[in-house]
>>> print(open('entry-v8.csv').read())   # CSV, C-alpha atoms and all ligand atoms
chain,number,residue,atom,x,y,z
A,1,MET,CA,0.0,0.0,0.0
A,2,PHE,CA,2.8,2.4,0.8
A,3,ASN,CA,5.7,3.1,-1.5
A,4,ILE,CA,7.7,5.4,0.7
A,5,TYR,CA,11.2,4.7,-0.6
A,6,SER,CA,10.7,5.8,-4.2
A,7,ALA,CA,7.4,7.6,-4.3
A,8,LEU,CA,6.9,11.3,-5.0
A,9,ASP,CA,5.4,11.7,-1.5
A,10,ARG,CA,7.9,10.8,1.1
A,11,GLY,CA,5.5,10.7,4.1
A,12,ASN,CA,7.1,13.8,5.6
A,13,GLU,CA,5.1,16.9,5.0
A,14,GLU,CA,8.0,19.3,5.9
A,15,ILE,CA,10.5,18.3,3.2
A,16,ASN,CA,10.3,21.0,0.7
A,17,ASP,CA,12.7,20.0,-2.1
A,18,GLY,CA,10.4,20.6,-5.1
A,19,VAL,CA,9.7,16.9,-5.6
A,20,ASN,CA,8.1,15.8,-2.3
A,21,LEU,CA,4.3,16.3,-2.7
A,22,ARG,CA,4.0,17.0,1.1
A,23,LEU,CA,0.6,15.3,1.4
A,24,PRO,CA,-0.7,15.0,5.0
A,25,SER,CA,1.4,12.5,6.9
A,26,GLY,CA,3.4,14.1,9.8
A,27,ARG,CA,7.0,15.0,10.4
A,28,ALA,CA,8.3,13.3,13.5
A,29,LYS,CA,10.3,10.9,11.4
A,30,SER,CA,12.4,11.7,8.4
A,31,PHE,CA,10.0,9.6,6.2
A,32,GLY,CA,7.0,7.4,6.4
A,33,ASN,CA,5.0,9.3,9.0
A,34,LEU,CA,1.5,8.0,9.5
A,35,ASP,CA,0.2,10.4,12.2
A,36,TYR,CA,-2.0,12.1,9.7
A,37,ASP,CA,-2.1,9.4,7.0
A,38,VAL,CA,-4.7,6.9,8.2
A,39,ASN,CA,-6.1,3.6,6.7
A,40,LEU,CA,-9.8,3.1,6.9
A,41,MET,CA,-11.2,-0.3,6.0
A,42,LEU,CA,-14.9,-0.4,5.6
A,43,ALA,CA,-16.8,-3.7,5.9
A,44,ASP,CA,-20.3,-4.9,6.7
A,45,LYS,CA,-20.6,-7.8,9.1
A,46,ALA,CA,-23.5,-10.0,10.4
A,47,TRP,CA,-23.5,-11.8,13.8
A,48,ASP,CA,-25.8,-14.6,14.8
A,49,ALA,CA,-27.7,-15.0,18.1
A,50,ASP,CA,-24.6,-16.5,19.8
A,51,GLY,CA,-22.5,-13.5,18.8
A,52,GLN,CA,-20.6,-15.5,16.2
A,53,LEU,CA,-19.9,-14.0,12.8
A,54,PHE,CA,-22.5,-15.2,10.3
A,55,PHE,CA,-22.2,-15.9,6.6
A,56,ASP,CA,-24.6,-17.6,4.2
A,57,ILE,CA,-22.6,-19.5,1.6
A,58,PHE,CA,-25.8,-20.4,-0.4
A,59,GLN,CA,-26.6,-16.7,-1.1
A,60,THR,CA,-24.9,-16.3,-4.5
A,61,ASP,CA,-26.4,-12.8,-5.3
A,62,GLY,CA,-24.2,-11.2,-2.7
A,63,PHE,CA,-24.1,-11.5,1.1
A,64,LEU,CA,-24.8,-8.3,3.1
A,65,GLY,CA,-24.1,-7.6,6.8
A,66,ASP,CA,-26.3,-5.3,8.9
A,67,ARG,CA,-23.5,-3.7,10.9
A,68,ILE,CA,-20.9,-1.5,9.3
A,69,THR,CA,-17.4,-1.7,10.7
A,70,VAL,CA,-14.5,0.7,10.2
A,71,ASN,CA,-11.1,-1.0,10.9
A,72,LEU,CA,-13.2,-3.9,12.3
A,73,ALA,CA,-14.9,-1.7,15.0
A,74,TYR,CA,-18.6,-0.8,15.0
A,75,ARG,CA,-19.4,2.9,15.0
A,76,PRO,CA,-15.9,3.9,16.3
A,77,PHE,CA,-14.7,7.4,17.1
A,78,PHE,CA,-11.4,9.0,16.1
A,79,GLU,CA,-9.9,12.0,17.8
A,80,VAL,CA,-8.4,14.4,15.3
A,81,GLU,CA,-6.6,17.7,15.4
A,82,ALA,CA,-7.9,20.8,13.6
A,83,ARG,CA,-5.7,20.2,10.5
A,84,LYS,CA,-5.6,18.2,7.3
A,85,TYR,CA,-5.6,14.4,7.3
A,86,ARG,CA,-5.2,11.9,4.5
A,87,PHE,CA,-7.5,8.8,4.7
A,88,ARG,CA,-6.9,5.7,2.5
A,89,ILE,CA,-10.3,4.2,2.4
A,90,LEU,CA,-10.7,0.5,1.3
A,91,ASN,CA,-14.1,-1.1,0.7
A,92,GLY,CA,-13.4,-4.4,2.4
A,93,ALA,CA,-17.0,-5.7,2.2
A,94,VAL,CA,-18.1,-8.9,0.6
A,95,ALA,CA,-20.9,-7.5,-1.6
A,96,ARG,CA,-21.8,-4.0,-0.2
A,97,PHE,CA,-21.0,-0.7,-2.1
A,98,PHE,CA,-20.4,2.4,-0.1
A,99,LYS,CA,-20.9,6.1,-0.9
A,100,LEU,CA,-19.4,8.5,1.5
A,101,ALA,CA,-20.0,12.0,2.6
A,102,LEU,CA,-19.4,14.1,5.7
A,103,SER,CA,-22.5,14.7,7.9
A,104,ASP,CA,-22.4,18.5,7.4
A,105,GLY,CA,-21.9,18.2,3.7
A,106,SER,CA,-18.5,19.9,3.7
A,107,PRO,CA,-16.0,19.1,1.0
A,108,MET,CA,-13.4,16.3,0.8
A,109,ILE,CA,-10.5,16.3,-1.7
A,110,GLN,CA,-10.0,13.0,-3.5
A,111,ILE,CA,-6.3,12.5,-4.3
A,112,ALA,CA,-6.0,8.9,-5.3
A,113,ASN,CA,-8.0,6.0,-6.7
A,114,ASP,CA,-7.0,2.3,-6.3
A,115,GLY,CA,-3.7,3.3,-4.8
A,116,ASN,CA,-2.7,5.6,-7.7
A,117,LEU,CA,-2.5,9.4,-7.1
A,118,LEU,CA,-4.7,11.2,-9.5
A,119,PRO,CA,-3.3,13.6,-12.1
A,120,SER,CA,-5.1,16.4,-10.2
A,121,PRO,CA,-7.0,16.4,-6.9
A,122,VAL,CA,-10.8,16.5,-7.1
A,123,THR,CA,-13.0,18.4,-4.5
A,124,LEU,CA,-16.2,16.6,-3.8
A,125,THR,CA,-19.0,16.8,-1.2
A,126,GLN,CA,-19.9,13.2,-1.8
A,127,LEU,CA,-17.6,10.6,-3.1
A,128,ASP,CA,-18.7,8.3,-6.0
A,129,GLU,CA,-20.0,4.9,-5.1
A,130,GLN,CA,-17.1,2.7,-4.0
A,131,GLY,CA,-17.3,-0.9,-5.1
A,132,ILE,CA,-15.7,-3.8,-3.2
A,133,ALA,CA,-11.9,-3.5,-3.3
A,134,GLU,CA,-11.9,0.0,-4.7
A,135,ARG,CA,-9.6,2.3,-2.7
A,136,TYR,CA,-10.2,6.1,-2.5
A,137,ASP,CA,-7.7,8.4,-0.8
A,138,ILE,CA,-9.2,11.6,0.4
A,139,VAL,CA,-8.0,14.6,2.4
A,140,ILE,CA,-10.3,16.1,5.0
A,141,ASP,CA,-9.3,19.5,6.4
A,142,PHE,CA,-10.6,19.7,10.0
A,143,SER,CA,-9.1,23.2,10.4
A,144,ARG,CA,-12.6,24.5,9.4
A,145,TYR,CA,-13.8,23.4,12.9
A,146,THR,CA,-13.2,24.9,16.3
A,147,PRO,CA,-11.9,22.2,18.5
A,148,GLY,CA,-13.9,21.4,21.6
A,149,PRO,CA,-15.5,18.5,23.5
A,150,ASN,CA,-18.7,18.7,21.4
A,151,THR,CA,-17.1,19.4,18.0
A,152,LYS,CA,-17.9,16.3,15.9
A,153,VAL,CA,-18.5,15.4,12.3
A,154,TRP,CA,-19.4,12.0,11.0
A,155,LEU,CA,-18.5,10.0,8.0
A,156,VAL,CA,-21.8,8.9,6.5
A,157,ASN,CA,-22.7,6.0,4.1
A,158,LEU,CA,-25.3,7.1,1.5
A,159,ALA,CA,-25.5,3.8,-0.5
A,160,GLU,CA,-28.7,2.0,0.4
A,161,HIS,CA,-28.9,-1.7,-0.4
A,162,GLU,CA,-31.9,-4.0,-0.6
A,163,ASP,CA,-29.8,-7.0,-1.6
A,164,GLY,CA,-26.3,-7.9,-2.6
A,165,LYS,CA,-26.8,-7.3,-6.3
A,166,LEU,CA,-26.0,-3.5,-6.4
A,167,PRO,CA,-26.9,-0.4,-4.5
A,168,HIS,CA,-30.7,0.2,-4.6
A,169,LYS,CA,-30.4,3.9,-4.2
A,170,ASP,CA,-28.0,6.7,-3.3
A,171,LEU,CA,-29.6,8.7,-0.5
A,172,SER,CA,-29.1,12.3,0.3
A,173,ILE,CA,-27.2,13.1,3.5
A,174,SER,CA,-30.4,14.0,5.4
A,175,GLU,CA,-32.2,10.9,4.2
A,176,ALA,CA,-29.2,8.8,5.3
A,177,LEU,CA,-29.1,10.5,8.7
A,178,SER,CA,-32.9,10.3,9.2
A,179,GLY,CA,-32.9,6.6,10.3
A,180,ASN,CA,-35.8,5.9,8.0
A,181,SER,CA,-34.0,3.6,5.6
A,182,SER,CA,-34.8,-0.1,5.7
A,183,ASP,CA,-31.0,-0.7,5.3
A,184,PRO,CA,-29.2,-0.5,8.7
A,185,GLY,CA,-26.0,0.0,6.7
A,186,VAL,CA,-26.7,3.6,5.8
A,187,GLY,CA,-26.0,6.6,8.1
A,188,LYS,CA,-23.2,7.4,10.4
A,189,ILE,CA,-20.3,5.0,10.3
A,190,LEU,CA,-17.4,6.9,11.9
A,191,GLU,CA,-17.3,9.8,14.3
A,192,PHE,CA,-14.5,12.4,14.1
A,193,ARG,CA,-14.0,14.3,17.3
A,194,ILE,CA,-12.1,17.5,16.6
A,195,VAL,CA,-10.4,17.7,20.0
A,196,ARG,CA,-7.5,20.1,19.7
A,197,ASN,CA,-5.5,22.4,17.6
A,198,PRO,CA,-2.4,20.8,16.1
A,199,ALA,CA,0.7,20.8,18.4
A,200,GLN,CA,2.7,22.0,15.4
A,201,PRO,CA,1.6,24.0,12.4
A,202,ASP,CA,0.1,21.9,9.5
A,203,MET,CA,2.8,21.9,6.9
A,204,SER,CA,1.0,19.6,4.5
A,205,GLN,CA,-0.5,20.6,1.2
A,206,VAL,CA,-2.5,19.2,-1.7
A,207,PRO,CA,-0.7,20.2,-4.8
A,208,ALA,CA,-2.7,21.1,-8.0
A,209,VAL,CA,-0.6,18.5,-9.9
A,210,LEU,CA,-0.1,15.1,-8.3
A,211,ILE,CA,1.0,12.4,-10.8
A,212,PRO,CA,0.4,12.8,-14.6
A,213,ASN,CA,-0.6,9.5,-16.3
A,214,PRO,CA,2.0,7.7,-18.3
A,215,ASP,CA,1.7,8.7,-22.0
A,216,LEU,CA,0.9,5.5,-24.0
A,217,SER,CA,0.0,7.3,-27.2
A,218,ASN,CA,3.2,6.2,-28.9
A,219,VAL,CA,2.8,2.5,-27.8
A,220,PRO,CA,0.8,0.7,-30.5
A,221,VAL,CA,-2.2,-1.3,-29.5
A,222,ALA,CA,-1.4,-4.9,-30.1
A,223,ARG,CA,-4.8,-6.4,-29.4
A,224,GLU,CA,-8.3,-5.6,-28.2
A,225,ARG,CA,-10.2,-8.1,-26.1
A,226,THR,CA,-13.7,-8.1,-24.6
A,227,PHE,CA,-14.8,-9.7,-21.3
A,228,GLU,CA,-18.5,-9.8,-20.5
A,229,PHE,CA,-19.6,-10.6,-16.9
A,230,GLY,CA,-22.9,-12.4,-16.4
A,231,ASP,CA,-24.7,-15.4,-15.1
A,232,GLY,CA,-25.8,-18.8,-16.5
A,233,ALA,CA,-22.2,-19.9,-16.8
A,234,ASP,CA,-21.1,-23.3,-18.1
A,235,GLN,CA,-18.2,-25.3,-16.8
A,236,THR,CA,-16.2,-27.0,-19.5
A,237,SER,CA,-13.7,-28.6,-17.1
A,238,ARG,CA,-14.1,-31.7,-15.0
A,239,ASP,CA,-10.9,-31.1,-13.1
A,240,PRO,CA,-12.1,-31.1,-9.4
A,241,VAL,CA,-9.1,-29.1,-8.2
A,242,THR,CA,-8.9,-26.3,-10.7
A,243,SER,CA,-12.6,-25.8,-11.6
A,244,ALA,CA,-15.3,-24.0,-9.7
A,245,ARG,CA,-19.1,-24.1,-10.1
A,246,GLY,CA,-21.6,-21.4,-9.7
A,247,PRO,CA,-24.1,-19.2,-11.6
A,248,TRP,CA,-21.5,-16.6,-12.4
A,249,GLY,CA,-19.1,-16.5,-15.3
A,250,ILE,CA,-17.2,-14.5,-17.9
A,251,LYS,CA,-17.5,-14.5,-21.7
A,252,THR,CA,-14.1,-13.8,-23.4
A,253,ASP,CA,-14.1,-12.3,-26.9
A,254,ASN,CA,-17.8,-13.1,-27.4
A,255,GLY,CA,-17.3,-16.8,-26.7
A,256,SER,CA,-19.3,-18.9,-24.1
A,257,MET,CA,-20.1,-17.7,-20.6
A,258,LEU,CA,-17.7,-19.8,-18.6
A,259,ALA,CA,-17.4,-20.5,-14.9
A,260,ALA,CA,-13.9,-20.2,-13.4
A,261,ASP,CA,-11.2,-22.8,-14.0
A,262,PHE,CA,-7.7,-21.8,-13.2
A,263,GLY,CA,-6.6,-24.6,-15.5
A,264,ARG,CA,-8.1,-22.6,-18.4
A,265,VAL,CA,-6.1,-19.8,-20.2
A,266,SER,CA,-8.6,-17.1,-21.3
A,267,ALA,CA,-6.2,-14.4,-22.5
A,268,GLY,CA,-2.4,-14.4,-23.3
A,269,PRO,CA,-1.1,-10.9,-24.0
A,270,SER,CA,2.5,-10.7,-25.0
A,271,PHE,CA,5.2,-9.3,-22.7
A,272,GLY,CA,5.8,-5.6,-23.2
A,273,LYS,CA,2.8,-5.0,-25.4
A,274,ARG,CA,-0.1,-2.7,-24.9
A,275,GLU,CA,-3.8,-3.8,-25.3
A,276,ILE,CA,-7.3,-2.4,-25.0
A,277,TRP,CA,-9.8,-4.4,-23.0
A,278,THR,CA,-13.5,-3.8,-22.8
A,279,LEU,CA,-15.3,-4.9,-19.6
A,280,LYS,CA,-19.0,-5.3,-20.2
A,281,ASN,CA,-21.9,-5.9,-17.7
A,282,GLY,CA,-24.0,-8.7,-19.1
A,283,GLY,CA,-27.1,-7.8,-17.1
A,284,GLY,CA,-29.0,-4.7,-16.2
A,285,GLY,CA,-30.0,-5.6,-12.7
A,286,TRP,CA,-26.5,-6.0,-11.4
A,287,ASP,CA,-23.3,-4.1,-10.8
A,288,HIS,CA,-20.0,-5.8,-10.7
A,289,PRO,CA,-16.7,-4.3,-9.4
A,290,ILE,CA,-14.2,-5.9,-11.8
A,291,HIS,CA,-10.6,-6.3,-10.6
A,292,ILE,CA,-7.6,-6.9,-12.9
A,293,HIS,CA,-4.5,-8.2,-11.2
A,294,PHE,CA,-0.9,-7.1,-11.9
A,295,GLU,CA,-1.2,-4.0,-14.0
A,296,GLU,CA,-2.7,-0.5,-13.3
A,297,CYS,CA,-4.8,0.6,-16.3
A,298,GLN,CA,-6.0,3.8,-17.7
A,299,THR,CA,-9.7,4.2,-18.3
A,300,LEU,CA,-10.4,5.3,-21.9
A,301,ALA,CA,-14.2,5.4,-21.9
A,302,ARG,CA,-17.4,4.5,-20.1
A,303,ASN,CA,-20.3,3.4,-22.2
A,304,GLY,CA,-18.3,4.3,-25.3
A,305,SER,CA,-17.6,7.9,-24.3
A,306,ALA,CA,-14.4,9.4,-22.9
A,307,SER,CA,-16.3,12.3,-21.4
A,308,GLN,CA,-18.2,9.8,-19.2
A,309,VAL,CA,-15.1,9.0,-17.3
A,310,PRO,CA,-15.3,11.1,-14.1
A,311,ALA,CA,-12.4,13.2,-13.0
A,312,TRP,CA,-11.7,10.9,-10.1
A,313,GLU,CA,-11.3,7.9,-12.5
A,314,ARG,CA,-8.8,9.7,-14.7
A,315,GLY,CA,-5.7,8.4,-12.9
A,316,ARG,CA,-4.7,4.8,-13.1
A,317,LYS,CA,-7.0,2.1,-11.7
A,318,ASP,CA,-7.4,-1.6,-11.2
A,319,VAL,CA,-11.1,-2.0,-10.1
A,320,TRP,CA,-14.1,-0.7,-12.1
A,321,ARG,CA,-17.8,-0.7,-11.2
A,322,LEU,CA,-19.3,-1.6,-14.5
A,323,ARG,CA,-22.8,-0.2,-13.5
A,324,PRO,CA,-26.0,-1.8,-14.7
A,325,ASP,CA,-25.8,-2.5,-18.5
A,326,GLY,CA,-22.5,-0.5,-18.5
A,327,GLU,CA,-19.2,-1.0,-20.1
A,328,VAL,CA,-15.7,0.3,-19.5
A,329,LYS,CA,-12.9,0.5,-21.9
A,330,ILE,CA,-9.4,0.4,-20.5
A,331,THR,CA,-5.8,0.2,-21.7
A,332,LEU,CA,-2.9,-1.6,-20.1
A,333,GLN,CA,0.7,-2.4,-21.0
A,334,PHE,CA,2.3,-5.6,-19.7
A,335,ARG,CA,5.6,-4.4,-18.3
A,336,ASP,CA,8.3,-5.8,-16.1
A,337,PHE,CA,7.1,-9.3,-15.4
A,338,ALA,CA,5.6,-12.3,-17.1
A,339,GLY,CA,3.4,-14.8,-15.3
A,340,MET,CA,-0.1,-15.9,-14.5
A,341,PHE,CA,-2.7,-13.4,-13.3
A,342,MET,CA,-6.4,-13.3,-12.5
A,343,GLU,CA,-9.3,-11.1,-13.4
A,344,HIS,CA,-12.6,-11.3,-11.5
A,345,CYS,CA,-15.6,-9.7,-10.0
A,346,HIS,CA,-14.7,-8.4,-6.5
A,347,ASN,CA,-18.2,-8.9,-5.2
A,348,THR,CA,-16.6,-11.8,-3.4
A,349,THR,CA,-19.9,-13.8,-3.5
A,350,HIS,CA,-19.7,-13.6,-7.3
A,351,GLU,CA,-16.0,-14.3,-7.4
A,352,ASP,CA,-16.3,-17.4,-5.3
A,353,ASN,CA,-19.2,-18.6,-7.4
A,354,ALA,CA,-17.1,-18.6,-10.4
A,355,MET,CA,-16.9,-15.1,-11.9
A,356,LEU,CA,-13.1,-15.3,-12.4
A,357,LEU,CA,-10.6,-16.1,-15.1
A,358,ARG,CA,-7.0,-16.8,-15.6
A,359,TRP,CA,-4.8,-14.8,-18.0
A,360,GLU,CA,-1.1,-14.8,-18.5
A,361,ILE,CA,1.7,-12.8,-19.9
A,362,ASP,CA,4.2,-14.9,-21.8
A,363,ASP,CA,5.8,-15.0,-25.2
A,364,LYS,CA,7.0,-17.4,-27.8
A,365,GLY,CA,10.7,-17.1,-27.1
A,366,ALA,CA,13.0,-18.0,-24.2
A,367,PRO,CA,12.9,-17.5,-21.3
A,368,PHE,CA,9.1,-17.8,-21.5
A,369,VAL,CA,7.1,-21.0,-21.2
A,370,ARG,CA,3.9,-20.8,-23.3
A,371,PRO,CA,1.4,-21.7,-22.1
A,372,LEU,CA,2.4,-21.7,-18.4
A,373,PRO,CA,1.7,-24.9,-16.6
A,374,THR,CA,-1.1,-24.8,-14.0
A,375,PRO,CA,0.2,-24.8,-10.4
A,376,ILE,CA,-1.6,-27.3,-8.2
A,377,PRO,CA,-1.0,-26.5,-4.5
A,378,THR,CA,-0.9,-29.5,-2.1
A,379,PRO,CA,0.1,-29.9,1.5
A,380,GLN,CA,3.3,-31.6,0.2
A,381,GLY,CA,4.2,-28.7,-2.2
A,382,VAL,CA,3.2,-27.5,-5.6
A,383,ARG,CA,3.0,-29.7,-8.6
A,384,PHE,CA,2.4,-28.5,-12.2
A,385,GLN,CA,0.1,-29.8,-14.9
A,386,ALA,CA,-0.7,-28.8,-18.4
A,387,PRO,CA,-3.6,-26.3,-18.8
A,388,ASP,CA,-7.1,-28.0,-19.1
A,389,GLU,CA,-8.1,-25.6,-21.9
A,390,ILE,CA,-6.8,-22.7,-23.9
A,391,LEU,CA,-9.5,-20.5,-25.4
A,392,PRO,CA,-9.2,-19.9,-29.1
A,393,THR,CA,-8.6,-16.2,-28.9
A,394,ALA,CA,-6.1,-16.3,-26.0
A,395,PHE,CA,-3.0,-16.2,-28.1
A,396,LYS,CA,-4.4,-15.6,-31.5
A,397,PRO,CA,-6.7,-12.7,-32.4
A,398,PRO,CA,-10.3,-13.6,-33.4
A,399,ALA,CA,-10.9,-14.4,-37.1
A,400,VAL,CA,-12.4,-11.3,-38.7
A,501,CU,CU,-20.1,-9.4,-9.7
>>> encode(input="entry-v8.csv", output="structure tokens")
Amino acid sequence: MFNIYSALDRGNEEINDGVNLRLPSGRAKSFGNLDYDVNLMLADKAWDADGQLFFDIFQTDGFLGDRITVNLAYRPFFEVEARKYRFRILNGAVARFFKLALSDGSPMIQIANDGNLLPSPVTLTQLDEQGIAERYDIVIDFSRYTPGPNTKVWLVNLAEHEDGKLPHKDLSISEALSGNSSDPGVGKILEFRIVRNPAQPDMSQVPAVLIPNPDLSNVPVARERTFEFGDGADQTSRDPVTSARGPWGIKTDNGSMLAADFGRVSAGPSFGKREIWTLKNGGGGWDHPIHIHFEECQTLARNGSASQVPAWERGRKDVWRLRPDGEVKITLQFRDFAGMFMEHCHNTTHEDNAMLLRWEIDDKGAPFVRPLPTPIPTPQGVRFQAPDEILPTAFKPPAV
């Protein structure tokens, strides 16, 4: 999560060398301060009558909990100084989306998305919906408040769910605070107590330019691929170790909707090349937060339009909410390493019920092995076997 050794932000807000971004962190140590740079992991949980965590493995739409936890605590408070803080917010839920605001509607500055600093910060009074595994970094400036025993502001969840398929409705702040929702997951989830002025002046800043995107315009596009995420999946493999069963699956390059089999190679981009991938939602009544391992990608278009990509998605990303009937076009270049990677829905209920595929980066020449053998983990170690299946468009472009 932190790249303190080589990042533009050194985690010391005092260092003014023209390179260090000086985002909120602290300055007690020469680098890597976390006094004002705080992780927040959001997750909904359910407990049974005996106080044990409860989970329903037969609910394949998406399992919801009725209690929202922040860093595994239910409705915690956090004492802050009247200054800027950076929060790195992870949606660690199984199937719940969040949408965050402050209870008084005051602004937050989004600076990063999925661990990547944005080209420029974006000031928002409500964040976008945040799908499972998406990471939004925001800066909140508490210097607008006068510290005192009753000075409080709350982080509020606005995304109301009726089931685990997708958010039913994004509420207004006053609706979410009213207590009238049938979803106990909306409303206040974290209390900030602004208890004192900072002991030392706040040296942090939010620069107007953070990290420009890598310019890929001179890198030719080697291939385009499409992945459609939906239900009614078939399983073509009988391998009991590598294959999963469930309603969910992925269509690759307009082939069949297939349930996960990590013995199957669905895509085989070449090392060093750049591709364009389209991620499509196969059904209107669902949202799917789709996660691609290994590479950070740039979002080219939503629903065919570059202007539909919001400002806070214009940095690099690795999880996209497809939105009902939506599609996202991304570009990625396969740098640095070869190997075997995954792509899957991060609604964990969908992922575990087979909405996942294997892709790999290899090449024809040495030192690459193509295709890669499938690793089979056992208590005695890992053995390798040949892939069960290689989809026809994995290494060769589809016939036109
Ligand atoms: Cu999904």
>>> residues_around(input="entry-v8.csv", residues="segment 278-295 of chain A", least_positions_apart="3", cutoff="7 Å", atoms="only C-alpha atoms", output="mmCIF file with C-alpha atoms, in the frame of the given file")
data_model
loop_
_atom_site.group_PDB
_atom_site.id
_atom_site.type_symbol
_atom_site.label_atom_id
_atom_site.label_comp_id
_atom_site.auth_asym_id
_atom_site.auth_seq_id
_atom_site.Cartn_x
_atom_site.Cartn_y
_atom_site.Cartn_z
ATOM 1 C CA GLY A 131 -17.300 -0.900 -5.100
ATOM 2 C CA ILE A 132 -15.700 -3.800 -3.200
ATOM 3 C CA LYS A 165 -26.800 -7.300 -6.300
ATOM 4 C CA LEU A 166 -26.000 -3.500 -6.400
ATOM 5 C CA ARG A 225 -10.200 -8.100 -26.100
ATOM 6 C CA THR A 226 -13.700 -8.100 -24.600
ATOM 7 C CA PHE A 227 -14.800 -9.700 -21.300
ATOM 8 C CA GLU A 228 -18.500 -9.800 -20.500
ATOM 9 C CA PHE A 229 -19.600 -10.600 -16.900
ATOM 10 C CA GLY A 230 -22.900 -12.400 -16.400
ATOM 11 C CA ASP A 318 -7.400 -1.600 -11.200
ATOM 12 C CA VAL A 319 -11.100 -2.000 -10.100
ATOM 13 C CA TRP A 320 -14.100 -0.700 -12.100
ATOM 14 C CA ARG A 321 -17.800 -0.700 -11.200
ATOM 15 C CA LEU A 322 -19.300 -1.600 -14.500
ATOM 16 C CA ARG A 323 -22.800 -0.200 -13.500
ATOM 17 C CA PRO A 324 -26.000 -1.800 -14.700
ATOM 18 C CA ASP A 325 -25.800 -2.500 -18.500
ATOM 19 C CA GLY A 326 -22.500 -0.500 -18.500
ATOM 20 C CA GLU A 327 -19.200 -1.000 -20.100
ATOM 21 C CA VAL A 328 -15.700 0.300 -19.500
ATOM 22 C CA LYS A 329 -12.900 0.500 -21.900
ATOM 23 C CA ILE A 330 -9.400 0.400 -20.500
ATOM 24 C CA LEU A 332 -2.900 -1.600 -20.100
ATOM 25 C CA PHE A 334 2.300 -5.600 -19.700
ATOM 26 C CA PHE A 341 -2.700 -13.400 -13.300
ATOM 27 C CA MET A 342 -6.400 -13.300 -12.500
ATOM 28 C CA GLU A 343 -9.300 -11.100 -13.400
ATOM 29 C CA HIS A 344 -12.600 -11.300 -11.500
ATOM 30 C CA CYS A 345 -15.600 -9.700 -10.000
ATOM 31 C CA HIS A 346 -14.700 -8.400 -6.500
ATOM 32 C CA ASN A 347 -18.200 -8.900 -5.200
#
>>> residues_around(input="entry-v8.csv", residues="segment 302-313 of chain A", least_positions_apart="2", cutoff="8 Å", atoms="all atoms listed in the file", output="number ranges by chain")
A: 110, 112-113, 118, 121-122, 299-300, 315-317, 326-329
>>> closest_residue(input="entry-v8.csv", among="A:Ala133, A:Leu216, A:Val206, A:Leu171", to="ligand CU 501 (chain A)", atoms="all atoms listed in the file")
A:Ala133
>>> closest_residue(input="entry-v8.csv", among="A:Gly92, A:Val209, A:Lys45, A:Asp37", to="Ile140 of chain A", atoms="all atoms listed in the file")
A:Asp37
>>> closest_residue(input="entry-v8.csv", among="A:Gly51, A:Pro147, A:Gly249, A:Pro198", to="ligand CU 501 (chain A)", atoms="all atoms listed in the file")
A:Gly249
>>> closest_residue(input="entry-v8.csv", among="A:Gln333, A:Asn180, A:Gln298, A:Ser106", to="Glu275 of chain A", atoms="all atoms listed in the file")
A:Gln333
>>> residues_around(input="entry-v8.csv", residues="Val369 of chain A", least_positions_apart="3", cutoff="12 Å", atoms="all atoms listed in the file", output="compact mmCIF listing (two decimals) with C-alpha atoms, in the frame of the given file")
# COMPACT_ATOMS: atom_id res chain seq x y z
CA GLY A 268 -2.40 -14.40 -23.30
CA SER A 270 2.50 -10.70 -25.00
CA PHE A 271 5.20 -9.30 -22.70
CA ALA A 338 5.60 -12.30 -17.10
CA GLY A 339 3.40 -14.80 -15.30
CA MET A 340 -0.10 -15.90 -14.50
CA GLU A 360 -1.10 -14.80 -18.50
CA ILE A 361 1.70 -12.80 -19.90
CA ASP A 362 4.20 -14.90 -21.80
CA ASP A 363 5.80 -15.00 -25.20
CA LYS A 364 7.00 -17.40 -27.80
CA GLY A 365 10.70 -17.10 -27.10
CA ALA A 366 13.00 -18.00 -24.20
CA LEU A 372 2.40 -21.70 -18.40
CA PRO A 373 1.70 -24.90 -16.60
CA THR A 374 -1.10 -24.80 -14.00
CA ALA A 386 -0.70 -28.80 -18.40
>>> decode(input="entry-v8.csv", residues="segment 40-46 of chain A", atoms="N, CA and C atoms", output="mmCIF file, in the first residue's frame")
data_model
loop_
_atom_site.group_PDB
_atom_site.id
_atom_site.type_symbol
_atom_site.label_atom_id
_atom_site.label_comp_id
_atom_site.auth_asym_id
_atom_site.auth_seq_id
_atom_site.Cartn_x
_atom_site.Cartn_y
_atom_site.Cartn_z
ATOM 1 N N LEU A 40 -8.464 3.413 6.462
ATOM 2 C CA LEU A 40 -9.822 3.098 6.933
ATOM 3 C C LEU A 40 -10.340 1.936 6.103
ATOM 4 N N MET A 41 -10.586 0.817 6.725
ATOM 5 C CA MET A 41 -11.163 -0.329 6.014
ATOM 6 C C MET A 41 -12.632 -0.459 6.399
ATOM 7 N N LEU A 42 -13.489 -0.360 5.404
ATOM 8 C CA LEU A 42 -14.937 -0.445 5.643
ATOM 9 C C LEU A 42 -15.414 -1.851 5.304
ATOM 10 N N ALA A 43 -16.247 -2.419 6.174
ATOM 11 C CA ALA A 43 -16.807 -3.739 5.870
ATOM 12 C C ALA A 43 -18.074 -3.940 6.675
ATOM 13 N N ASP A 44 -19.080 -4.528 6.024
ATOM 14 C CA ASP A 44 -20.310 -4.871 6.738
ATOM 15 C C ASP A 44 -20.212 -6.305 7.241
ATOM 16 N N LYS A 45 -20.710 -6.517 8.450
ATOM 17 C CA LYS A 45 -20.647 -7.841 9.074
ATOM 18 C C LYS A 45 -22.040 -8.198 9.592
ATOM 19 N N ALA A 46 -22.243 -9.504 9.806
ATOM 20 C CA ALA A 46 -23.472 -9.974 10.449
ATOM 21 C C ALA A 46 -23.076 -10.930 11.563
#
